[in-house]
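Peer 1: To start, I am sharing the structure in question, which I have written as structure tokens.
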Amino acid sequence: MILLTDDLLERLLANGRDRGADHVPVVKFFNPLGEGVWLATELDADGDTLFGLADLGYPELGSFSLDELTSITLPFGMGIERDILFTGDFPISVWAEAARKAGSIRAAERILYRAAQPRRDGA
């Protein structure tokens with residue numbers, strides 16, 4: 001799978017030029033066979049250094065390498081995948097706080113999207 005389309009690449013680079021902003025994640029990468037989720041908000045001009053929220057057992061804000069993500073070889077010839085349905089929707093600070101409280105990005109995702117859904121009971 002191609003981890004970054006041209007559109008995603010452009011959005012990440014644009015965010016990378018606007019350092020310090022509380023960007024909404026542009027892309028979500030994940031390990032389809034186990035732990036490992038990355039939410040990327042920015043890409044440096046070097047084309048490799050991403051910034052965002054990484055969760056390899058504990059969620060942390062920081063930088064990670066696109067080259068390293070693409071070089072990971074998993075069993076059955078699989079690799080790191082991009083969540084093609086991911087929309088971001090919340091600033092990275094909200095993701096980071098929710099992930100720390102919930103213990104993981106995956107748990108935070110369920111909580112954030114459940115809380116954002118309109119209630120069916122009319123309240």
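By convention in this document, the chains of the structure tokens carry letters A, B, ... by their order, each chain's residues are numbered from 1, and ligands are numbered from 1 in the order they are shown.
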At a cut-off of 12 Å, using only C-alpha atoms, what residues contact Ser65 (chain A)? Leave out same-chain residues fewer than 2 positions from it and give the result as an MDAnalysis selection string.

Peer 2: chainID A and resid 29 38 40 42:44 46:52 54 62:63 67:72

Peer 1: Those selected residues, please, written with N, CA and C atoms and delivered as a PDB file, in the first residue's frame.

Peer 2:
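Below you can see result-v7.pdb, which holds the result:
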```pdb
ATOM      1  N   PHE A  29      -1.687   5.815  10.394  1.00  0.00           N
ATOM      2  CA  PHE A  29      -1.024   4.580  10.011  1.00  0.00           C
ATOM      3  C   PHE A  29      -1.244   3.575  11.132  1.00  0.00           C
ATOM      4  N   TRP A  38      -0.054   5.404  14.445  1.00  0.00           N
ATOM      5  CA  TRP A  38       0.581   6.713  14.303  1.00  0.00           C
ATOM      6  C   TRP A  38      -0.419   7.670  13.668  1.00  0.00           C
ATOM      7  N   ALA A  40      -0.339  11.334  12.019  1.00  0.00           N
ATOM      8  CA  ALA A  40       0.610  12.338  11.532  1.00  0.00           C
ATOM      9  C   ALA A  40      -0.097  13.638  11.202  1.00  0.00           C
ATOM     10  N   GLU A  42       2.111  16.591  10.487  1.00  0.00           N
ATOM     11  CA  GLU A  42       3.070  17.415   9.749  1.00  0.00           C
ATOM     12  C   GLU A  42       4.163  16.545   9.139  1.00  0.00           C
ATOM     13  N   LEU A  43       4.769  17.054   8.081  1.00  0.00           N
ATOM     14  CA  LEU A  43       5.932  16.436   7.452  1.00  0.00           C
ATOM     15  C   LEU A  43       6.968  17.513   7.214  1.00  0.00           C
ATOM     16  N   ASP A  44       8.191  17.252   7.650  1.00  0.00           N
ATOM     17  CA  ASP A  44       9.288  18.196   7.414  1.00  0.00           C
ATOM     18  C   ASP A  44       9.636  18.243   5.930  1.00  0.00           C
ATOM     19  N   ASP A  46      12.290  17.592   4.636  1.00  0.00           N
ATOM     20  CA  ASP A  46      13.165  16.471   4.260  1.00  0.00           C
ATOM     21  C   ASP A  46      12.381  15.307   3.656  1.00  0.00           C
ATOM     22  N   GLY A  47      11.036  15.354   3.751  1.00  0.00           N
ATOM     23  CA  GLY A  47      10.207  14.306   3.175  1.00  0.00           C
ATOM     24  C   GLY A  47      10.175  13.016   3.978  1.00  0.00           C
ATOM     25  N   ASP A  48      10.803  13.014   5.158  1.00  0.00           N
ATOM     26  CA  ASP A  48      10.863  11.797   5.959  1.00  0.00           C
ATOM     27  C   ASP A  48      10.344  11.984   7.381  1.00  0.00           C
ATOM     28  N   THR A  49      10.613  13.114   7.998  1.00  0.00           N
ATOM     29  CA  THR A  49      10.305  13.309   9.413  1.00  0.00           C
ATOM     30  C   THR A  49       8.876  13.788   9.593  1.00  0.00           C
ATOM     31  N   LEU A  50       8.064  12.907  10.135  1.00  0.00           N
ATOM     32  CA  LEU A  50       6.669  13.211  10.436  1.00  0.00           C
ATOM     33  C   LEU A  50       6.551  13.636  11.890  1.00  0.00           C
ATOM     34  N   PHE A  51       5.557  14.457  12.194  1.00  0.00           N
ATOM     35  CA  PHE A  51       5.255  14.808  13.573  1.00  0.00           C
ATOM     36  C   PHE A  51       3.817  14.410  13.850  1.00  0.00           C
ATOM     37  N   GLY A  52       3.576  13.929  15.063  1.00  0.00           N
ATOM     38  CA  GLY A  52       2.226  13.575  15.446  1.00  0.00           C
ATOM     39  C   GLY A  52       2.212  12.767  16.710  1.00  0.00           C
ATOM     40  N   ALA A  54       2.255   9.027  18.326  1.00  0.00           N
ATOM     41  CA  ALA A  54       2.637   7.640  18.062  1.00  0.00           C
ATOM     42  C   ALA A  54       2.274   6.795  19.268  1.00  0.00           C
ATOM     43  N   GLY A  62       5.442  13.358  19.178  1.00  0.00           N
ATOM     44  CA  GLY A  62       6.836  13.445  18.782  1.00  0.00           C
ATOM     45  C   GLY A  62       7.007  13.201  17.298  1.00  0.00           C
ATOM     46  N   SER A  63       8.243  13.013  16.913  1.00  0.00           N
ATOM     47  CA  SER A  63       8.592  12.799  15.504  1.00  0.00           C
ATOM     48  C   SER A  63       8.842  11.321  15.236  1.00  0.00           C
ATOM     49  N   ASP A  67      10.269   6.796   6.332  1.00  0.00           N
ATOM     50  CA  ASP A  67      11.088   5.718   5.770  1.00  0.00           C
ATOM     51  C   ASP A  67      11.065   4.483   6.655  1.00  0.00           C
ATOM     52  N   GLU A  68      11.133   4.685   7.969  1.00  0.00           N
ATOM     53  CA  GLU A  68      11.086   3.543   8.882  1.00  0.00           C
ATOM     54  C   GLU A  68       9.732   2.846   8.825  1.00  0.00           C
ATOM     55  N   LEU A  69       8.657   3.623   8.770  1.00  0.00           N
ATOM     56  CA  LEU A  69       7.332   3.007   8.680  1.00  0.00           C
ATOM     57  C   LEU A  69       7.200   2.159   7.414  1.00  0.00           C
ATOM     58  N   THR A  70       7.691   2.684   6.300  1.00  0.00           N
ATOM     59  CA  THR A  70       7.565   1.950   5.035  1.00  0.00           C
ATOM     60  C   THR A  70       8.484   0.737   4.972  1.00  0.00           C
ATOM     61  N   SER A  71       9.537   0.730   5.802  1.00  0.00           N
ATOM     62  CA  SER A  71      10.484  -0.396   5.757  1.00  0.00           C
ATOM     63  C   SER A  71      10.101  -1.543   6.682  1.00  0.00           C
ATOM     64  N   ILE A  72       9.093  -1.379   7.505  1.00  0.00           N
ATOM     65  CA  ILE A  72       8.683  -2.436   8.434  1.00  0.00           C
ATOM     66  C   ILE A  72       8.052  -3.583   7.654  1.00  0.00           C
TER      67      ILE A  72
END
```

Peer 1: Using DSSP on the backbone, list every residue of chain A that comes out as strand (DSSP E), and give them as a ChimeraX atom specification.

Peer 2: /A:27-30,37-43,49-55,59-65,81-82

Peer 1: Please list as a ChimeraX atom specification every residue within 12 Å of region 104-115 of chain A, counting only C-alpha atoms and excluding residues in the same chain fewer than 4 positions away.

Peer 2: /A:28-31,34-39,52-61,86-92,94-100,119-120

Peer 1: What separation in Å, quoted to one decimal, exists between CA of Val27 (chain A) and CA of Pro118 (chain A)?

Peer 2: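 Separation between CA of Val27 (chain A) and CA of Pro118 (chain A): 24.5 Å.
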
Peer 1: Pick the closest to Ile80 (chain A) from A:Val24, A:Ala116, A:Leu66, A:Leu9: which is it, counting only C-alpha atoms?

Peer 2: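 Among the listed residues, A:Leu66 lies closest to Ile80 (chain A).
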
Peer 1: Taking only C-alpha atoms into account, which of A:Met78, A:Leu85, A:Leu3, A:Ala45 comes nearest Arg19 (chain A)?

Peer 2: A:Ala45

Peer 1: Considering only C-alpha atoms, can you say which of A:Thr41, A:Gln117, A:Ser93, A:Glu81 comes closest to Gly16 (chain A)?

Peer 2: A:Thr41

Peer 1: Between A:Gly103, A:Val26, A:Phe76, A:Arg17, which residue has the minimum interatomic distance to Leu4 (chain A), considering only C-alpha atoms?

Peer 2: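 For Leu4 (chain A), the nearest of the given residues is A:Val26.
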
Peer 1: CA of Thr73 (chain A) to CA of Met1 (chain A): how many Å, to one decimal?

Peer 2: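 Between these atoms lies a distance of 12.4 Å.
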
Peer 1: Just list as a PyMOL selection string whatever in chain A DSSP marks as alpha helix (DSSP H).

Peer 2: chain A and resi 6-17+66-71+92-102+105-116
